[in-house]
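**Student:** One file: data-v9.csv (CSV, C-alpha atoms).
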chain,number,residue,atom,x,y,z
W,1,MET,CA,-13.3,6.0,-21.0
W,2,ASP,CA,-16.2,3.8,-19.9
W,3,PHE,CA,-16.5,1.6,-16.9
W,4,ASN,CA,-15.3,-1.5,-18.6
W,5,SER,CA,-12.0,0.0,-19.8
W,6,ILE,CA,-11.3,1.7,-16.4
W,7,TYR,CA,-12.1,-1.6,-14.6
W,8,GLU,CA,-10.1,-3.8,-16.9
W,9,GLN,CA,-7.1,-1.5,-16.8
W,10,HIS,CA,-7.0,-1.2,-13.0
W,11,LYS,CA,-8.6,-4.4,-11.7
W,12,CYS,CA,-5.3,-6.3,-11.0
W,13,LEU,CA,-3.9,-3.2,-9.2
W,14,MET,CA,-7.1,-2.8,-7.2
W,15,TYR,CA,-7.2,-6.4,-6.2
W,16,GLU,CA,-3.6,-6.5,-5.2
W,17,ILE,CA,-3.8,-3.3,-3.2
W,18,ALA,CA,-6.9,-4.6,-1.4
W,19,LYS,CA,-5.1,-7.9,-0.8
W,20,SER,CA,-2.0,-6.2,0.6
W,21,ILE,CA,-4.2,-4.3,3.0
W,22,LEU,CA,-6.6,-7.1,4.0
W,23,ASN,CA,-4.3,-10.1,3.7
W,24,ASP,CA,-7.2,-12.1,2.5
W,25,SER,CA,-8.4,-12.8,-1.0
W,26,ILE,CA,-12.1,-13.1,-0.2
W,27,TYR,CA,-12.2,-9.8,1.7
W,28,ALA,CA,-10.1,-8.3,-1.1
W,29,GLN,CA,-12.8,-9.4,-3.5
W,30,ASP,CA,-15.4,-7.6,-1.4
W,31,ALA,CA,-13.3,-4.5,-1.4
W,32,VAL,CA,-12.8,-4.6,-5.2
W,33,GLN,CA,-16.5,-5.2,-5.7
W,34,ASN,CA,-17.4,-2.2,-3.5
W,35,ALA,CA,-14.8,-0.1,-5.3
W,36,ALA,CA,-16.1,-1.1,-8.7
W,37,ILE,CA,-19.7,-0.1,-7.7
W,38,LYS,CA,-18.3,3.2,-6.5
W,39,ILE,CA,-16.5,3.7,-9.8
W,40,SER,CA,-19.6,2.8,-11.8
W,41,LYS,CA,-21.7,5.3,-9.8
W,42,HIS,CA,-19.3,8.1,-10.5
W,43,ILE,CA,-18.3,7.0,-14.0
W,44,ASP,CA,-19.3,10.4,-15.5
W,45,LEU,CA,-17.0,12.2,-13.2
W,46,ILE,CA,-14.1,9.7,-13.4
W,47,SER,CA,-14.2,9.4,-17.2
W,48,SER,CA,-13.8,13.1,-17.5
W,49,LEU,CA,-10.3,12.9,-15.8
W,50,SER,CA,-6.9,12.3,-17.4
W,51,SER,CA,-5.7,8.7,-17.3
W,52,GLU,CA,-3.1,9.6,-14.6
W,53,LYS,CA,-5.8,11.2,-12.4
W,54,VAL,CA,-8.1,8.2,-13.0
W,55,LYS,CA,-5.4,5.9,-11.6
W,56,THR,CA,-4.8,8.1,-8.5
W,57,LEU,CA,-8.6,8.2,-7.9
W,58,VAL,CA,-9.0,4.4,-8.4
W,59,VAL,CA,-6.1,3.8,-6.0
W,60,THR,CA,-7.7,6.1,-3.4
W,61,ILE,CA,-11.1,4.4,-3.9
W,62,ILE,CA,-9.8,0.9,-3.5
W,63,ARG,CA,-7.8,1.8,-0.4
W,64,HIS,CA,-10.8,3.4,1.1
W,65,ALA,CA,-13.0,0.4,0.2
W,66,ALA,CA,-10.4,-2.0,1.7
W,67,ILE,CA,-10.2,0.0,4.9
W,68,ASP,CA,-14.0,0.0,5.1
W,69,VAL,CA,-14.0,-3.8,4.8
W,70,GLN,CA,-11.2,-4.0,7.4
W,71,ARG,CA,-13.2,-1.7,9.7
W,72,SER,CA,-16.3,-3.9,9.4
W,73,ARG,CA,-14.1,-6.9,10.0
W,74,ASP,CA,-12.6,-5.6,13.2
W,75,ARG,CA,-14.6,-2.9,15.0
W,76,HIS,CA,-11.6,-2.1,17.2
W,77,TRP,CA,-9.3,-1.6,14.3
W,78,ASP,CA,-7.3,1.6,14.2
W,79,GLN,CA,-7.1,3.1,10.7
W,80,GLU,CA,-3.9,4.8,11.4
W,81,VAL,CA,-1.9,1.6,11.8
W,82,SER,CA,1.2,1.4,9.8
W,83,TRP,CA,0.2,-1.2,7.2
W,84,VAL,CA,-1.7,1.3,5.1
W,85,ASP,CA,1.3,3.5,5.0
W,86,ILE,CA,3.1,4.5,1.9
W,87,PRO,CA,6.4,2.8,1.2
W,88,ASP,CA,9.6,4.8,1.8
W,89,LEU,CA,10.7,6.8,-1.2
W,90,PRO,CA,14.0,5.7,-2.7
W,91,VAL,CA,16.6,8.5,-2.7
W,92,THR,CA,17.0,8.2,-6.5
W,93,ASN,CA,13.4,9.2,-7.1
W,94,ILE,CA,13.6,12.5,-5.2
W,95,SER,CA,13.4,15.4,-7.7
W,96,SER,CA,13.0,18.3,-5.4
W,97,VAL,CA,13.3,19.1,-1.7
W,98,TYR,CA,9.6,20.1,-1.6
W,99,GLU,CA,8.6,16.8,-3.1
W,100,SER,CA,10.7,14.7,-0.7
W,101,SER,CA,9.4,16.7,2.3
W,102,LEU,CA,5.8,16.5,1.1
W,103,TYR,CA,6.2,12.7,0.4
W,104,TYR,CA,7.5,12.2,3.9
W,105,ALA,CA,4.8,14.4,5.4
W,106,MET,CA,2.1,12.5,3.5
W,107,GLN,CA,3.5,9.2,4.8
W,108,LYS,CA,3.0,10.5,8.3
W,109,LEU,CA,-0.5,11.7,7.7
W,110,PRO,CA,-3.4,9.6,8.8
W,111,PHE,CA,-5.2,7.9,5.9
W,112,GLN,CA,-8.5,9.8,6.4
W,113,TYR,CA,-6.7,13.1,5.8
W,114,ARG,CA,-4.4,11.9,3.1
W,115,GLU,CA,-7.2,10.6,1.0
W,116,VAL,CA,-9.2,13.9,1.1
W,117,LEU,CA,-6.1,15.9,0.3
W,118,ILE,CA,-5.4,13.7,-2.7
W,119,LEU,CA,-8.9,13.9,-4.0
W,120,LYS,CA,-8.9,17.7,-3.6
W,121,TYR,CA,-5.4,18.7,-4.8
W,122,VAL,CA,-4.6,15.9,-7.2
W,123,SER,CA,-7.9,14.7,-8.6
W,124,ASP,CA,-9.3,18.3,-8.5
W,125,LEU,CA,-12.6,17.2,-7.1
W,126,GLU,CA,-15.2,19.6,-5.5
W,127,ASP,CA,-16.1,19.0,-1.9
W,128,ASP,CA,-19.5,17.5,-2.7
W,129,GLU,CA,-17.8,15.1,-5.2
W,130,ILE,CA,-15.4,14.0,-2.5
W,131,ALA,CA,-18.2,13.7,0.0
W,132,SER,CA,-20.1,11.5,-2.5
W,133,ILE,CA,-17.1,9.2,-3.2
W,134,LEU,CA,-16.2,8.8,0.5
W,135,ASP,CA,-19.8,8.6,1.7
W,136,ILE,CA,-19.3,11.4,4.2
W,137,SER,CA,-20.9,14.8,4.6
W,138,ARG,CA,-19.5,17.9,2.9
W,139,VAL,CA,-19.0,19.4,6.3
W,140,ASN,CA,-16.9,16.4,7.2
W,141,VAL,CA,-14.9,16.8,4.0
W,142,ARG,CA,-14.1,20.4,4.8
W,143,LYS,CA,-13.1,19.5,8.4
W,144,ARG,CA,-10.8,16.7,7.2
W,145,ILE,CA,-9.2,18.9,4.6
W,146,SER,CA,-8.6,21.6,7.1
W,147,ARG,CA,-7.2,19.3,9.8
W,148,GLY,CA,-5.2,17.4,7.2
W,149,LYS,CA,-3.6,20.6,6.0
W,150,LYS,CA,-2.9,21.7,9.5
W,151,GLN,CA,-1.2,18.4,10.3
W,152,LEU,CA,0.7,18.5,7.0
W,153,GLU,CA,1.8,22.0,7.8
W,154,ILE,CA,3.1,21.0,11.3
W,155,ILE,CA,5.2,18.2,9.8
W,156,LEU,CA,6.5,20.3,6.9
W,157,LYS,CA,7.5,23.1,9.4
W,158,LYS,CA,9.3,20.5,11.5
W,159,GLU,CA,11.1,19.4,8.4
W,160,GLY,CA,12.1,22.9,7.5
W,161,ALA,CA,10.2,22.8,4.2
W,162,LEU,CA,8.0,25.7,5.0
Z,1,MET,CA,7.7,30.7,8.6
Z,2,LYS,CA,5.1,30.5,5.9
Z,3,ASN,CA,1.7,28.8,6.1
Z,4,LEU,CA,0.8,25.9,3.9
Z,5,ARG,CA,-1.0,27.4,0.9
Z,6,ASP,CA,-3.3,25.7,-1.6
Z,7,GLY,CA,-1.0,26.7,-4.4
Z,8,PHE,CA,1.9,24.7,-2.9
Z,9,LEU,CA,-0.3,21.6,-2.6
Z,10,TYR,CA,-1.8,22.0,-6.2
Z,11,GLU,CA,1.8,22.3,-7.5
Z,12,HIS,CA,3.6,19.6,-5.6
Z,13,LEU,CA,1.0,17.1,-4.4
Z,14,PRO,CA,0.2,15.6,-7.9
Z,15,LYS,CA,3.9,14.8,-8.4
Z,16,VAL,CA,4.1,13.3,-4.9
Z,17,SER,CA,0.9,11.4,-5.4
Z,18,LYS,CA,2.3,9.9,-8.6
Z,19,LEU,CA,5.4,8.8,-6.8
Z,20,MET,CA,3.3,7.3,-4.1
Z,21,ASP,CA,1.3,5.3,-6.6
Z,22,GLU,CA,4.4,4.1,-8.3
Z,23,GLU,CA,6.0,3.0,-5.0
Z,24,ILE,CA,2.8,1.2,-4.0
Z,25,GLU,CA,2.7,-0.5,-7.4
Z,26,LYS,CA,6.3,-1.5,-7.0
Z,27,ASN,CA,5.7,-3.1,-3.6
Z,28,ILE,CA,2.9,-5.4,-4.7
Z,29,SER,CA,3.1,-8.4,-6.9
Z,30,ILE,CA,0.4,-8.8,-9.5
Z,31,ASP,CA,-0.7,-12.4,-9.1
Z,32,ASP,CA,-3.6,-14.2,-10.7
Z,33,PHE,CA,-6.8,-12.1,-10.7
Z,34,PRO,CA,-9.8,-14.2,-9.6
Z,35,ALA,CA,-11.9,-14.7,-12.8
Z,36,GLU,CA,-15.1,-15.2,-10.7
Z,37,LEU,CA,-14.7,-11.6,-9.5
Z,38,ASP,CA,-15.1,-10.3,-13.0
Z,39,GLN,CA,-18.4,-12.2,-13.4
Z,40,LYS,CA,-19.8,-10.9,-10.1
Z,41,ILE,CA,-18.8,-7.3,-10.9
Z,42,TYR,CA,-20.1,-7.3,-14.4
Z,43,ALA,CA,-23.3,-8.9,-13.3
Z,44,LEU,CA,-23.7,-6.1,-10.7
Z,45,ILE,CA,-22.5,-3.3,-12.9
Z,46,GLU,CA,-24.0,-4.0,-16.3
Z,47,GLY,CA,-27.6,-3.9,-15.1
Z,48,GLY,CA,-27.0,-0.8,-13.0
Z,49,ALA,CA,-25.1,1.0,-15.7
Z,50,LYS,CA,-28.2,1.1,-17.9
Z,51,LYS,CA,-30.4,4.1,-17.3
Z,52,ARG,CA,-33.5,2.1,-16.7
Z,53,CYS,CA,-33.1,-1.6,-16.6
Z,54,ARG,CA,-36.2,-3.6,-17.0
Z,55,ILE,CA,-36.3,-6.9,-15.2
Z,56,PRO,CA,-39.1,-9.2,-16.3
Z,57,MET,CA,-41.0,-10.4,-13.3
Z,58,SER,CA,-40.8,-13.8,-14.9
Z,59,ALA,CA,-37.2,-13.7,-13.7
Z,60,ILE,CA,-38.4,-13.8,-10.1
Z,61,VAL,CA,-37.5,-17.0,-8.5
Z,62,LEU,CA,-39.8,-18.2,-5.8
Z,63,SER,CA,-38.6,-19.5,-2.6
Z,64,PHE,CA,-39.4,-23.2,-2.4
Z,65,VAL,CA,-37.6,-24.6,-5.4
Z,66,VAL,CA,-34.1,-23.3,-6.0
Z,67,SER,CA,-31.2,-25.4,-7.1
Z,68,ILE,CA,-29.1,-26.4,-4.3
Z,69,THR,CA,-27.8,-29.7,-5.4
Z,70,THR,CA,-24.7,-30.2,-3.5
Z,71,ILE,CA,-23.5,-28.8,-0.3
Z,72,THR,CA,-20.5,-30.3,1.3
Z,73,VAL,CA,-19.0,-29.2,4.5
Z,74,ALA,CA,-15.3,-29.7,5.4
Z,75,ALA,CA,-13.7,-29.2,8.7
Z,76,ASP,CA,-10.2,-27.8,8.5
Z,77,ALA,CA,-8.3,-29.0,11.5
Z,78,ALA,CA,-5.4,-26.7,10.6
Z,79,THR,CA,-7.6,-23.7,11.3
Z,80,GLY,CA,-8.8,-24.9,14.6
Z,81,GLY,CA,-11.7,-26.8,13.2
Z,82,LYS,CA,-13.2,-23.9,11.3
Z,83,ILE,CA,-16.0,-25.0,9.1
Z,84,TYR,CA,-16.2,-23.9,5.5
Z,85,ALA,CA,-19.1,-24.7,3.2
Z,86,VAL,CA,-18.3,-25.5,-0.3
Z,87,ILE,CA,-21.3,-24.6,-2.3
Z,88,LYS,CA,-22.1,-25.9,-5.7
Z,89,GLU,CA,-24.9,-25.0,-8.1
Z,90,PHE,CA,-26.6,-22.6,-5.7
Z,91,PHE,CA,-28.1,-19.4,-7.0
Z,92,GLY,CA,-29.9,-16.5,-5.5
Z,93,ALA,CA,-31.7,-16.7,-2.1
Z,94,GLU,CA,-33.8,-19.3,-0.5
Z,95,GLU,CA,-35.5,-20.3,2.7
Z,96,ILE,CA,-33.5,-22.2,5.3
Z,97,THR,CA,-34.2,-25.9,5.3
Z,98,ASP,CA,-32.5,-28.9,6.9
Z,99,GLU,CA,-30.6,-29.3,3.7
Z,100,ASN,CA,-28.9,-25.8,3.7
Z,101,ARG,CA,-28.9,-25.1,7.5
Z,102,ASN,CA,-25.2,-26.0,7.6
Z,103,MET,CA,-24.4,-23.1,5.3
Z,104,ILE,CA,-25.4,-20.6,8.0
Z,105,GLY,CA,-22.3,-18.4,8.7
Z,106,ALA,CA,-20.4,-20.2,6.0
Z,107,GLU,CA,-17.4,-18.6,4.3
Z,108,ILE,CA,-16.7,-19.6,0.7
Z,109,VAL,CA,-13.2,-21.0,0.2
Z,110,ASP,CA,-13.7,-22.6,-3.2
Z,111,GLU,CA,-15.0,-21.1,-6.3
Z,112,THR,CA,-18.8,-21.2,-6.5
Z,113,SER,CA,-20.3,-22.6,-9.6
Z,114,LEU,CA,-23.5,-20.7,-10.2
Z,115,GLY,CA,-26.3,-22.6,-11.8
Z,116,ASP,CA,-29.3,-21.2,-13.8
Z,117,PRO,CA,-32.2,-20.0,-11.6
Z,118,LEU,CA,-35.5,-21.8,-11.9
Z,119,TYR,CA,-38.5,-19.8,-12.6
Z,120,GLU,CA,-41.4,-21.1,-10.7
Z,121,LYS,CA,-44.0,-18.5,-11.3
Z,122,ASP,CA,-44.6,-15.6,-13.7
Z,123,TRP,CA,-46.3,-12.8,-11.8
Z,124,GLY,CA,-47.1,-11.1,-15.1
Z,125,LYS,CA,-45.5,-7.9,-13.8
Z,126,GLU,CA,-42.2,-6.1,-14.3
Z,127,ILE,CA,-39.8,-4.6,-11.9
Z,128,THR,CA,-38.0,-1.5,-13.1
Z,129,CYS,CA,-34.8,-0.4,-11.3
Z,130,ALA,CA,-34.6,3.3,-10.5
Z,131,PRO,CA,-31.6,4.9,-12.3
Z,132,GLU,CA,-29.4,4.9,-9.2
Z,133,VAL,CA,-30.1,1.3,-8.4
Z,134,LEU,CA,-27.8,-1.5,-9.5
Z,135,SER,CA,-29.9,-4.4,-10.6
Z,136,PRO,CA,-29.6,-7.5,-8.4
Z,137,ALA,CA,-28.1,-10.8,-9.7
Z,138,SER,CA,-31.4,-12.6,-9.0
Z,139,PHE,CA,-34.9,-12.1,-7.5
Z,140,ASP,CA,-36.5,-14.6,-5.1
Z,141,GLY,CA,-40.0,-14.0,-3.6
Z,142,PHE,CA,-40.8,-15.0,0.0
Z,143,ALA,CA,-44.2,-15.0,1.5
Z,144,VAL,CA,-44.6,-13.2,4.9
Z,145,LYS,CA,-47.0,-15.3,7.0
Z,146,GLU,CA,-48.6,-13.8,10.1
Z,147,GLY,CA,-46.2,-11.0,9.9
Z,148,LYS,CA,-43.2,-13.3,10.0
Z,149,THR,CA,-40.5,-13.5,7.4
Z,150,PRO,CA,-38.9,-16.9,6.9
Z,151,GLU,CA,-35.2,-17.7,7.5
Z,152,ILE,CA,-33.4,-17.1,4.3
Z,153,ILE,CA,-30.0,-17.4,2.8
Z,154,LEU,CA,-28.7,-15.1,0.1
Z,155,LEU,CA,-25.7,-15.2,-2.2
Z,156,ASN,CA,-23.8,-12.2,-3.3
Z,157,GLY,CA,-26.0,-9.8,-5.2
Z,158,ALA,CA,-29.1,-11.9,-4.7
Z,159,CYS,CA,-32.4,-10.1,-3.9
Z,160,ALA,CA,-35.0,-11.5,-1.6
Z,161,LEU,CA,-38.4,-9.9,-2.0
Z,162,PHE,CA,-40.9,-10.1,0.8
Z,163,CYS,CA,-44.5,-10.4,-0.2
Z,164,LYS,CA,-47.7,-10.2,1.9
Z,165,GLY,CA,-49.5,-13.5,2.3
Z,166,ASP,CA,-49.8,-15.2,-1.0
Z,167,TYR,CA,-47.2,-13.2,-2.9
Z,168,ASP,CA,-49.2,-10.0,-2.8
Z,169,GLU,CA,-47.9,-6.5,-2.3
Z,170,TRP,CA,-48.7,-4.2,0.6
Z,171,ASN,CA,-51.2,-1.5,-0.4
Z,172,LEU,CA,-50.1,1.5,1.6
Z,173,LYS,CA,-51.6,5.0,1.8
Z,174,LYS,CA,-49.4,8.1,2.0
Z,175,GLY,CA,-48.0,8.3,5.6
Z,176,ASP,CA,-48.4,4.6,6.4
Z,177,THR,CA,-45.4,2.8,7.7
Z,178,LEU,CA,-44.1,-0.7,7.4
Z,179,THR,CA,-41.3,-1.9,9.6
Z,180,PHE,CA,-39.0,-4.8,8.9
Z,181,GLU,CA,-37.0,-6.2,11.9
Z,182,PHE,CA,-34.4,-8.7,11.2
Z,183,GLU,CA,-31.3,-10.4,12.6
Z,184,LYS,CA,-28.4,-11.9,10.7
Z,185,TYR,CA,-26.5,-15.0,11.6
Z,186,PRO,CA,-22.8,-14.0,12.1
Z,187,THR,CA,-20.3,-15.9,10.0
Z,188,HIS,CA,-18.1,-18.5,11.7
Z,189,SER,CA,-15.5,-15.8,12.3
Z,190,GLY,CA,-18.2,-13.8,14.1
Z,191,ILE,CA,-18.4,-11.1,11.4
Z,192,SER,CA,-21.6,-9.3,10.6
Z,193,GLN,CA,-22.2,-9.0,6.8
Z,194,THR,CA,-23.7,-6.1,4.9
Z,195,VAL,CA,-27.2,-6.2,3.3
Z,196,PHE,CA,-29.2,-3.5,1.6
Z,197,VAL,CA,-32.8,-3.1,2.6
Z,198,GLY,CA,-35.2,-1.1,0.5
Z,199,TYR,CA,-38.6,-1.0,-1.2
Z,200,ILE,CA,-40.3,-1.5,-4.5
Z,201,LEU,CA,-43.1,0.9,-5.2
Z,202,ASN,CA,-45.5,0.3,-8.1
Z,203,GLY,CA,-43.0,-2.0,-9.7
Z,204,VAL,CA,-40.0,0.4,-9.4
Z,205,MET,CA,-37.1,-0.7,-7.1
Z,206,TYR,CA,-35.6,2.2,-5.2
Z,207,GLU,CA,-32.1,2.4,-3.6
Z,208,GLY,CA,-31.9,0.6,-0.3
Z,209,GLU,CA,-30.1,1.4,3.0
Z,210,PRO,CA,-27.0,-0.5,4.1
Z,211,PHE,CA,-27.2,-2.5,7.3
Z,212,ASP,CA,-23.9,-3.9,8.5
Z,213,GLU,CA,-24.9,-4.8,12.1
Z,214,ILE,CA,-26.2,-8.1,13.2
Z,215,ASN,CA,-29.6,-6.7,14.1
Z,216,GLY,CA,-31.4,-4.3,11.8
Z,217,CYS,CA,-34.7,-2.4,11.7
Z,218,TYR,CA,-35.8,-0.9,8.4
Z,219,GLN,CA,-38.7,1.6,8.4
Z,220,LEU,CA,-40.6,2.2,5.2
Z,221,TYR,CA,-42.5,5.5,5.2
Z,222,ALA,CA,-45.0,5.6,2.3
Z,223,LYS,CA,-44.4,8.9,0.5
Z,224,GLU,CA,-47.4,8.1,-1.7
Z,225,ASP,CA,-50.3,5.7,-2.1
Z,226,GLY,CA,-49.2,2.5,-3.9
Z,227,GLU,CA,-48.2,-1.1,-4.0
Z,228,TYR,CA,-45.1,-1.7,-1.9
Z,229,TYR,CA,-42.7,-4.6,-1.4
Z,230,ILE,CA,-39.7,-4.7,0.9
Z,231,TYR,CA,-36.5,-6.3,-0.4
Z,232,VAL,CA,-33.1,-7.3,0.9
Z,233,ILE,CA,-30.0,-7.5,-1.2
Z,234,SER,CA,-26.8,-9.3,-0.1
Z,235,ALA,CA,-23.7,-7.1,-0.5
Z,236,THR,CA,-21.1,-9.6,0.7
Z,237,SER,CA,-19.2,-12.3,-1.1
Z,238,ASP,CA,-20.0,-15.0,1.5
Z,239,PRO,CA,-23.6,-16.2,1.9
Z,240,VAL,CA,-25.7,-14.0,4.2
Z,241,THR,CA,-28.3,-15.7,6.4
Z,242,LEU,CA,-31.2,-13.9,8.0
Z,243,LYS,CA,-33.1,-15.4,10.9
Z,244,GLU,CA,-36.9,-15.3,11.0
Z,245,GLY,CA,-37.9,-11.6,11.1
Z,246,LYS,CA,-41.0,-9.5,11.4
Z,247,ILE,CA,-42.8,-7.2,9.1
Z,248,TYR,CA,-45.5,-5.1,10.6
For this file, write the structure as structure tokens.
**Tutor:**
Amino acid sequence: MDFNSIYEQHKCLMYEIAKSILNDSIYAQDAVQNAAIKISKHIDLISSLSSEKVKTLVVTIIRHAAIDVQRSRDRHWDQEVSWVDIPDLPVTNISSVYESSLYYAMQKLPFQYREVLILKYVSDLEDDEIASILDISRVNVRKRISRGKKQLEIILKKEGAL
Amino acid sequence: MKNLRDGFLYEHLPKVSKLMDEEIEKNISIDDFPAELDQKIYALIEGGAKKRCRIPMSAIVLSFVVSITTITVAADAATGGKIYAVIKEFFGAEEITDENRNMIGAEIVDETSLGDPLYEKDWGKEITCAPEVLSPASFDGFAVKEGKTPEIILLNGACALFCKGDYDEWNLKKGDTLTFEFEKYPTHSGISQTVFVGYILNGVMYEGEPFDEINGCYQLYAKEDGEYYIYVISATSDPVTLKEGKIY
């Protein structure tokens, strides 16, 4: 898959996710633009993934880009506020107790930890690839993965899933 | 109690992530996608996607004649008198004049109709983008007089290139430094916008550094002898305006 096909396939989703986070079409366009640049820079990596993983990665990239735009818009903004949270999972979609507990735990996890865990365990990216996509250092990636897992573990233990 | 193992996450997180994506998708409505965004993105990406994109220097637009033909400003009483500039037939970057001063800090609320740039001068040179650089939507040259850069305004993706005196480059020796101090006008909402500042060495444009604060200071350290220019690229959808700055 080249950039054009990835962009065309996901652009509406990207724009709407950005708009749902930023509540502003112009800022959403900035976020989509930044995300598109990011996708184009990492096109070799992204095009090697399965279509399902591409979608997950694109969603992570656009949410990250939207949050960056929001952060530059409001320096005092707290990235753990609820509007970036994942919607509640309907009971009918729960296929195993592990998945429902993990879904619940991921909902509770701050976005900065959630995104590194998804990039590592879903998109199968190496630490340096995650660092490059998120514009953070590799050390920071490792720290976030470690802290994210720790927090996830605490929530899952509370839930009795571990 | 067990600890959270990587195997557990590799096994269950992909399914959970898929469910999360599906739920997110269910909770948003896909409305009209702004067509102008496609144009902006393809303009940015298509140049940059090429391994080495050659931009003829004839495509450099000089500062004094660029096509602003209509600028209308409307006050929106419903938003507390917030001023929006509706810009038509404006392309690239240009010096601040009495005609465009009212665009400082403007936020676009209507679709911009981009006109064709005017080419005032052919420098007879080419600029080549380094592979990691996305080629800008336009180039405009601005003379730096007595170390001062003019007030300029840039549209999204536009590149302003600062030239020494009469559109010459700076001839630097290895170890020399060049400093560009600048200040942006905030938008009417008080937001600072992002620009990238970088350099061109012997006709090759290298990746710039992002500056998202109101004030910025870019330091160019010459890694080798050569002909250098400093450039600024706007990375924001609203027009970005720079106040008079200094290069020394």
**Student:** Show me, as a PyMOL selection string, every residue of chain W with an atom at most 9 Å from chain Z, counting all atoms listed in the file.
**Tutor:** chain W and resi 3-4+11-13+15-17+20+25-27+29-30+32-34+36-37+40-41+52-53+55-56+59+72-74+86-90+93+98-100+102-103+106+117-118+120-124+149-150+152-153+156-157+162
**Student:** Provide the atom CA of Leu109 of chain W to atom CA of Val69 of chain W distance in Å, to one decimal place.
**Tutor:** 20.8 Å
**Student:** Distance atom CA of Asp135 of chain W-atom CA of Leu178 of chain Z, one decimal place?
**Tutor:**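 So the answer is 26.6 Å.
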**Student:** Grab the atom CA of Tyr7 of chain W to atom CA of Leu57 of chain W distance for me, in Å with one decimal place.
**Tutor:**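 Pair atom CA of Tyr7 of chain W / atom CA of Leu57 of chain W returns 12.4 Å.
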**Student:** Could you check which of Z:Val195, Z:Ala143, Z:Ala160, Z:Ala43 is closest to Glu183 of chain Z, using all atoms listed in the file?
**Tutor:**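 Among the listed residues, Z:Val195 lies closest to Glu183 of chain Z.
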**Student:** So that I can check the surroundings of segment 113-116 of chain W, please list as a ChimeraX atom specification every protein, DNA and RNA residue that reaches within 8 Å of it, counting only C-alpha atoms and ignoring chain neighbours fewer than 3 positions away.
**Tutor:** /W:60,106,109-110,119-120,130,141,144-145,147-148
**Student:** When you count all atoms listed in the file, which of these residues is closest to Ile43 of chain W: W:Ile21, W:Ile6, W:Ile155, W:Arg71?
**Tutor:**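 Of W:Ile21, W:Ile6, W:Ile155, W:Arg71, the one nearest Ile43 of chain W, counting all atoms listed in the file, is W:Ile6.
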